[in-house]
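Participant: The structure follows.
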Amino acid sequence: MDKLLRMQEEFFAAALDGPHRSTGRQLKEVHAGLGITAKHFHAFLQHLLETLHEAGAQPDDIRDVVQRVRAIRSDVVG
Ligand code: HEM
């Protein structure tokens with residue numbers, strides 16, 4: 001659980017321009033060779049959307065998050 005929480009924190013920092021506390025490795029480098037497909041990315045984005053809705057995030061903020069996450073798609077997929 002400790003590692004999962006740290007990863008989630010790093011994810012939001014990397015995705016939303018928050019304070020970076022990561023190892024300094026680039027997103028592309030971190031995800032290279034993990035076999036993440038477009039289908040995985042879509043499922044991931046879907047879960048993120050549902051979670052933000054459930055947490056009561058504002059529609060404008062949700063749109064902003066989705067836009068930012070989509071912008072780094074090519075660093076994660078493939
Ligand atoms: C825009 C979307 C994403 C962002 C911003 C993101 C960000 C990150 C960050 C910051 C790390 C940690 C790097 C470090 O070691 O310091 C990481 C690792 C990782 N991410 Fe992502 N990620 C994204 C999407 C995904 C997706 C879609 C998957 C899989 C479906 C995924 C799977 C992983 C895995 C397996 C690791 C390595 C975990 C480990 O070291 O044990 N990521 N990601």
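Chain identifiers are assigned as A, B, and so on, following the order in which chains appear in the structure tokens; residues are numbered from 1 within each chain, and ligands are numbered from 1 in order of appearance.
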Could you report the residues within 7 Å of ligand 1, using only C-alpha atoms and all ligand atoms, as a PDB file with all heavy atoms, in the first residue's frame?
Facilitator:
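Result file is selection_19.pdb:
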```pdb
ATOM      1  N   MET A   7       3.124   5.935  -5.670  1.00  0.00           N
ATOM      2  CA  MET A   7       2.979   5.954  -7.131  1.00  0.00           C
ATOM      3  C   MET A   7       1.837   6.881  -7.553  1.00  0.00           C
ATOM      4  O   MET A   7       1.941   7.608  -8.524  1.00  0.00           O
ATOM      5  CB  MET A   7       2.681   4.541  -7.666  1.00  0.00           C
ATOM      6  CG  MET A   7       3.740   3.500  -7.393  1.00  0.00           C
ATOM      7  SD  MET A   7       5.250   3.771  -8.302  1.00  0.00           S
ATOM      8  CE  MET A   7       4.652   3.645  -9.944  1.00  0.00           C
ATOM      9  N   GLU A  10       2.889  10.417  -7.247  1.00  0.00           N
ATOM     10  CA  GLU A  10       3.789  10.781  -8.342  1.00  0.00           C
ATOM     11  C   GLU A  10       3.030  10.915  -9.648  1.00  0.00           C
ATOM     12  O   GLU A  10       3.343  11.767 -10.474  1.00  0.00           O
ATOM     13  CB  GLU A  10       4.903   9.736  -8.494  1.00  0.00           C
ATOM     14  CG  GLU A  10       5.952   9.876  -7.422  1.00  0.00           C
ATOM     15  CD  GLU A  10       7.153   8.982  -7.675  1.00  0.00           C
ATOM     16  OE1 GLU A  10       7.379   8.609  -8.840  1.00  0.00           O
ATOM     17  OE2 GLU A  10       7.840   8.660  -6.703  1.00  0.00           O
ATOM     18  N   PHE A  11       2.017  10.045  -9.813  1.00  0.00           N
ATOM     19  CA  PHE A  11       1.210  10.132 -11.034  1.00  0.00           C
ATOM     20  C   PHE A  11       0.565  11.508 -11.140  1.00  0.00           C
ATOM     21  O   PHE A  11       0.668  12.185 -12.158  1.00  0.00           O
ATOM     22  CB  PHE A  11       0.110   9.051 -11.071  1.00  0.00           C
ATOM     23  CG  PHE A  11      -0.976   9.394 -12.041  1.00  0.00           C
ATOM     24  CD1 PHE A  11      -0.764   9.243 -13.403  1.00  0.00           C
ATOM     25  CD2 PHE A  11      -2.163   9.945 -11.609  1.00  0.00           C
ATOM     26  CE1 PHE A  11      -1.736   9.621 -14.319  1.00  0.00           C
ATOM     27  CE2 PHE A  11      -3.141  10.323 -12.511  1.00  0.00           C
ATOM     28  CZ  PHE A  11      -2.924  10.157 -13.872  1.00  0.00           C
ATOM     29  N   PHE A  12      -0.113  11.951 -10.068  1.00  0.00           N
ATOM     30  CA  PHE A  12      -0.808  13.235 -10.127  1.00  0.00           C
ATOM     31  C   PHE A  12       0.168  14.398 -10.269  1.00  0.00           C
ATOM     32  O   PHE A  12      -0.114  15.367 -10.976  1.00  0.00           O
ATOM     33  CB  PHE A  12      -1.726  13.419  -8.913  1.00  0.00           C
ATOM     34  CG  PHE A  12      -3.016  12.655  -9.066  1.00  0.00           C
ATOM     35  CD1 PHE A  12      -3.293  11.549  -8.285  1.00  0.00           C
ATOM     36  CD2 PHE A  12      -3.934  13.021 -10.039  1.00  0.00           C
ATOM     37  CE1 PHE A  12      -4.466  10.824  -8.459  1.00  0.00           C
ATOM     38  CE2 PHE A  12      -5.110  12.307 -10.226  1.00  0.00           C
ATOM     39  CZ  PHE A  12      -5.375  11.208  -9.429  1.00  0.00           C
ATOM     40  N   ALA A  14       3.042  14.254 -11.821  1.00  0.00           N
ATOM     41  CA  ALA A  14       3.540  14.228 -13.200  1.00  0.00           C
ATOM     42  C   ALA A  14       2.456  14.655 -14.187  1.00  0.00           C
ATOM     43  O   ALA A  14       2.723  15.377 -15.145  1.00  0.00           O
ATOM     44  CB  ALA A  14       4.039  12.828 -13.549  1.00  0.00           C
ATOM     45  N   ALA A  15       1.235  14.221 -13.943  1.00  0.00           N
ATOM     46  CA  ALA A  15       0.149  14.490 -14.888  1.00  0.00           C
ATOM     47  C   ALA A  15      -0.358  15.924 -14.799  1.00  0.00           C
ATOM     48  O   ALA A  15      -0.750  16.512 -15.801  1.00  0.00           O
ATOM     49  CB  ALA A  15      -1.011  13.519 -14.662  1.00  0.00           C
ATOM     50  N   SER A  22       9.652  12.755  -7.949  1.00  0.00           N
ATOM     51  CA  SER A  22       9.949  11.459  -8.566  1.00  0.00           C
ATOM     52  C   SER A  22      11.454  11.249  -8.679  1.00  0.00           C
ATOM     53  O   SER A  22      12.250  12.094  -8.311  1.00  0.00           O
ATOM     54  CB  SER A  22       9.303  11.382  -9.939  1.00  0.00           C
ATOM     55  OG  SER A  22      10.023  12.183 -10.828  1.00  0.00           O
ATOM     56  N   THR A  23      11.801  10.104  -9.222  1.00  0.00           N
ATOM     57  CA  THR A  23      13.208   9.733  -9.339  1.00  0.00           C
ATOM     58  C   THR A  23      13.903  10.537 -10.429  1.00  0.00           C
ATOM     59  O   THR A  23      15.098  10.411 -10.612  1.00  0.00           O
ATOM     60  CB  THR A  23      13.308   8.246  -9.709  1.00  0.00           C
ATOM     61  OG1 THR A  23      12.549   8.043 -10.907  1.00  0.00           O
ATOM     62  CG2 THR A  23      12.759   7.368  -8.609  1.00  0.00           C
ATOM     63  N   GLY A  24      13.129  11.326 -11.159  1.00  0.00           N
ATOM     64  CA  GLY A  24      13.723  12.121 -12.218  1.00  0.00           C
ATOM     65  C   GLY A  24      13.698  11.408 -13.560  1.00  0.00           C
ATOM     66  O   GLY A  24      14.051  11.993 -14.572  1.00  0.00           O
ATOM     67  N   ARG A  25      13.286  10.146 -13.554  1.00  0.00           N
ATOM     68  CA  ARG A  25      13.209   9.434 -14.829  1.00  0.00           C
ATOM     69  C   ARG A  25      12.052   9.990 -15.651  1.00  0.00           C
ATOM     70  O   ARG A  25      11.015  10.358 -15.110  1.00  0.00           O
ATOM     71  CB  ARG A  25      12.993   7.934 -14.583  1.00  0.00           C
ATOM     72  CG  ARG A  25      14.203   7.257 -13.994  1.00  0.00           C
ATOM     73  CD  ARG A  25      14.068   5.755 -14.057  1.00  0.00           C
ATOM     74  NE  ARG A  25      12.958   5.268 -13.243  1.00  0.00           N
ATOM     75  CZ  ARG A  25      12.407   4.065 -13.400  1.00  0.00           C
ATOM     76  NH1 ARG A  25      12.851   3.261 -14.332  1.00  0.00           N
ATOM     77  NH2 ARG A  25      11.414   3.688 -12.625  1.00  0.00           N
ATOM     78  N   LEU A  27       8.828  10.102 -18.172  1.00  0.00           N
ATOM     79  CA  LEU A  27       7.648   9.227 -18.275  1.00  0.00           C
ATOM     80  C   LEU A  27       7.817   8.176 -19.364  1.00  0.00           C
ATOM     81  O   LEU A  27       7.433   7.027 -19.202  1.00  0.00           O
ATOM     82  CB  LEU A  27       6.395  10.055 -18.559  1.00  0.00           C
ATOM     83  CG  LEU A  27       5.783  10.806 -17.378  1.00  0.00           C
ATOM     84  CD1 LEU A  27       4.514  11.514 -17.802  1.00  0.00           C
ATOM     85  CD2 LEU A  27       5.500   9.858 -16.224  1.00  0.00           C
ATOM     86  N   VAL A  30      10.159   5.475 -18.113  1.00  0.00           N
ATOM     87  CA  VAL A  30       9.529   4.679 -17.054  1.00  0.00           C
ATOM     88  C   VAL A  30       8.575   3.626 -17.633  1.00  0.00           C
ATOM     89  O   VAL A  30       8.522   2.499 -17.160  1.00  0.00           O
ATOM     90  CB  VAL A  30       8.733   5.609 -16.096  1.00  0.00           C
ATOM     91  CG1 VAL A  30       7.831   4.817 -15.181  1.00  0.00           C
ATOM     92  CG2 VAL A  30       9.677   6.476 -15.291  1.00  0.00           C
ATOM     93  N   HIS A  31       7.829   4.016 -18.683  1.00  0.00           N
ATOM     94  CA  HIS A  31       6.798   3.125 -19.215  1.00  0.00           C
ATOM     95  C   HIS A  31       7.259   2.280 -20.395  1.00  0.00           C
ATOM     96  O   HIS A  31       6.514   1.417 -20.859  1.00  0.00           O
ATOM     97  CB  HIS A  31       5.546   3.931 -19.582  1.00  0.00           C
ATOM     98  CG  HIS A  31       4.919   4.601 -18.401  1.00  0.00           C
ATOM     99  ND1 HIS A  31       5.226   5.882 -18.024  1.00  0.00           N
ATOM    100  CD2 HIS A  31       4.036   4.144 -17.477  1.00  0.00           C
ATOM    101  CE1 HIS A  31       4.550   6.195 -16.939  1.00  0.00           C
ATOM    102  NE2 HIS A  31       3.822   5.168 -16.569  1.00  0.00           N
ATOM    103  N   LEU A  34       6.755  -1.800 -21.010  1.00  0.00           N
ATOM    104  CA  LEU A  34       5.751  -2.363 -20.094  1.00  0.00           C
ATOM    105  C   LEU A  34       4.575  -2.967 -20.870  1.00  0.00           C
ATOM    106  O   LEU A  34       3.694  -3.584 -20.290  1.00  0.00           O
ATOM    107  CB  LEU A  34       5.236  -1.291 -19.125  1.00  0.00           C
ATOM    108  CG  LEU A  34       6.249  -0.758 -18.085  1.00  0.00           C
ATOM    109  CD1 LEU A  34       5.584   0.282 -17.188  1.00  0.00           C
ATOM    110  CD2 LEU A  34       6.790  -1.894 -17.232  1.00  0.00           C
ATOM    111  N   ILE A  36       2.142  -1.391 -22.476  1.00  0.00           N
ATOM    112  CA  ILE A  36       0.869  -0.679 -22.270  1.00  0.00           C
ATOM    113  C   ILE A  36       0.263  -0.331 -23.636  1.00  0.00           C
ATOM    114  O   ILE A  36       0.888   0.371 -24.426  1.00  0.00           O
ATOM    115  CB  ILE A  36       1.081   0.594 -21.422  1.00  0.00           C
ATOM    116  CG1 ILE A  36       1.658   0.219 -20.056  1.00  0.00           C
ATOM    117  CG2 ILE A  36      -0.231   1.360 -21.265  1.00  0.00           C
ATOM    118  CD1 ILE A  36       2.121   1.403 -19.225  1.00  0.00           C
ATOM    119  N   HIS A  40      -5.365  -0.453 -22.720  1.00  0.00           N
ATOM    120  CA  HIS A  40      -5.023  -0.248 -21.301  1.00  0.00           C
ATOM    121  C   HIS A  40      -5.171   1.224 -20.930  1.00  0.00           C
ATOM    122  O   HIS A  40      -5.707   1.565 -19.880  1.00  0.00           O
ATOM    123  CB  HIS A  40      -3.572  -0.672 -21.024  1.00  0.00           C
ATOM    124  CG  HIS A  40      -3.312  -2.130 -21.234  1.00  0.00           C
ATOM    125  ND1 HIS A  40      -2.194  -2.599 -21.873  1.00  0.00           N
ATOM    126  CD2 HIS A  40      -4.035  -3.210 -20.903  1.00  0.00           C
ATOM    127  CE1 HIS A  40      -2.240  -3.923 -21.918  1.00  0.00           C
ATOM    128  NE2 HIS A  40      -3.352  -4.318 -21.333  1.00  0.00           N
ATOM    129  N   PHE A  41      -4.665   2.083 -21.814  1.00  0.00           N
ATOM    130  CA  PHE A  41      -4.697   3.518 -21.526  1.00  0.00           C
ATOM    131  C   PHE A  41      -6.147   4.005 -21.428  1.00  0.00           C
ATOM    132  O   PHE A  41      -6.488   4.795 -20.542  1.00  0.00           O
ATOM    133  CB  PHE A  41      -3.952   4.296 -22.618  1.00  0.00           C
ATOM    134  CG  PHE A  41      -3.702   5.720 -22.242  1.00  0.00           C
ATOM    135  CD1 PHE A  41      -2.601   6.062 -21.483  1.00  0.00           C
ATOM    136  CD2 PHE A  41      -4.583   6.719 -22.619  1.00  0.00           C
ATOM    137  CE1 PHE A  41      -2.379   7.382 -21.111  1.00  0.00           C
ATOM    138  CE2 PHE A  41      -4.375   8.029 -22.251  1.00  0.00           C
ATOM    139  CZ  PHE A  41      -3.259   8.363 -21.504  1.00  0.00           C
ATOM    140  N   PHE A  44      -7.658   2.896 -18.173  1.00  0.00           N
ATOM    141  CA  PHE A  44      -7.071   3.715 -17.108  1.00  0.00           C
ATOM    142  C   PHE A  44      -7.762   5.093 -17.035  1.00  0.00           C
ATOM    143  O   PHE A  44      -8.155   5.552 -15.970  1.00  0.00           O
ATOM    144  CB  PHE A  44      -5.565   3.824 -17.394  1.00  0.00           C
ATOM    145  CG  PHE A  44      -4.887   5.011 -16.823  1.00  0.00           C
ATOM    146  CD1 PHE A  44      -4.477   5.025 -15.502  1.00  0.00           C
ATOM    147  CD2 PHE A  44      -4.627   6.112 -17.618  1.00  0.00           C
ATOM    148  CE1 PHE A  44      -3.831   6.139 -14.985  1.00  0.00           C
ATOM    149  CE2 PHE A  44      -3.979   7.213 -17.105  1.00  0.00           C
ATOM    150  CZ  PHE A  44      -3.581   7.230 -15.776  1.00  0.00           C
ATOM    151  N   VAL A  69      -3.931  14.549 -19.343  1.00  0.00           N
ATOM    152  CA  VAL A  69      -3.534  13.134 -19.383  1.00  0.00           C
ATOM    153  C   VAL A  69      -3.437  12.657 -20.836  1.00  0.00           C
ATOM    154  O   VAL A  69      -2.499  11.948 -21.205  1.00  0.00           O
ATOM    155  CB  VAL A  69      -4.516  12.270 -18.556  1.00  0.00           C
ATOM    156  CG1 VAL A  69      -4.297  10.792 -18.823  1.00  0.00           C
ATOM    157  CG2 VAL A  69      -4.337  12.557 -17.066  1.00  0.00           C
ATOM    158  N   ARG A  70      -4.378  13.094 -21.681  1.00  0.00           N
ATOM    159  CA  ARG A  70      -4.339  12.712 -23.101  1.00  0.00           C
ATOM    160  C   ARG A  70      -3.066  13.233 -23.757  1.00  0.00           C
ATOM    161  O   ARG A  70      -2.510  12.586 -24.640  1.00  0.00           O
ATOM    162  CB  ARG A  70      -5.550  13.285 -23.840  1.00  0.00           C
ATOM    163  CG  ARG A  70      -6.787  12.470 -23.626  1.00  0.00           C
ATOM    164  CD  ARG A  70      -7.636  12.421 -24.899  1.00  0.00           C
ATOM    165  NE  ARG A  70      -8.829  11.606 -24.687  1.00  0.00           N
ATOM    166  CZ  ARG A  70     -10.043  12.099 -24.580  1.00  0.00           C
ATOM    167  NH1 ARG A  70     -10.254  13.386 -24.679  1.00  0.00           N
ATOM    168  NH2 ARG A  70     -11.068  11.295 -24.385  1.00  0.00           N
ATOM    169  N   ILE A  72      -0.145  13.373 -22.667  1.00  0.00           N
ATOM    170  CA  ILE A  72       1.058  12.571 -22.421  1.00  0.00           C
ATOM    171  C   ILE A  72       0.866  11.101 -22.783  1.00  0.00           C
ATOM    172  O   ILE A  72       1.702  10.259 -22.480  1.00  0.00           O
ATOM    173  CB  ILE A  72       1.561  12.700 -20.959  1.00  0.00           C
ATOM    174  CG1 ILE A  72       0.398  12.791 -19.988  1.00  0.00           C
ATOM    175  CG2 ILE A  72       2.509  13.840 -20.805  1.00  0.00           C
ATOM    176  CD1 ILE A  72       0.824  13.022 -18.555  1.00  0.00           C
ATOM    177  N   ARG A  73      -0.221  10.834 -23.495  1.00  0.00           N
ATOM    178  CA  ARG A  73      -0.548   9.468 -23.910  1.00  0.00           C
ATOM    179  C   ARG A  73       0.619   8.789 -24.649  1.00  0.00           C
ATOM    180  O   ARG A  73       0.950   7.642 -24.364  1.00  0.00           O
ATOM    181  CB  ARG A  73      -1.778   9.524 -24.807  1.00  0.00           C
ATOM    182  CG  ARG A  73      -2.307   8.201 -25.279  1.00  0.00           C
ATOM    183  CD  ARG A  73      -3.472   8.467 -26.226  1.00  0.00           C
ATOM    184  NE  ARG A  73      -4.144   7.260 -26.622  1.00  0.00           N
ATOM    185  CZ  ARG A  73      -3.730   6.473 -27.598  1.00  0.00           C
ATOM    186  NH1 ARG A  73      -2.639   6.768 -28.272  1.00  0.00           N
ATOM    187  NH2 ARG A  73      -4.399   5.384 -27.895  1.00  0.00           N
ATOM    188  N   VAL A  76       3.330   7.087 -22.742  1.00  0.00           N
ATOM    189  CA  VAL A  76       2.956   5.947 -21.894  1.00  0.00           C
ATOM    190  C   VAL A  76       2.623   4.701 -22.727  1.00  0.00           C
ATOM    191  O   VAL A  76       3.003   3.589 -22.374  1.00  0.00           O
ATOM    192  CB  VAL A  76       1.739   6.339 -21.008  1.00  0.00           C
ATOM    193  CG1 VAL A  76       1.207   5.137 -20.244  1.00  0.00           C
ATOM    194  CG2 VAL A  76       2.106   7.461 -20.044  1.00  0.00           C
TER     195      VAL A  76
END
```
Participant: I need the residue nearest Val77 in chain A from this list: A:Pro19, A:Gly33, A:Gln26, A:Arg6. Use only C-alpha atoms for the distance.
Facilitator: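 Residue with the minimum atom-to-atom distance to Val77 in chain A: A:Gly33.
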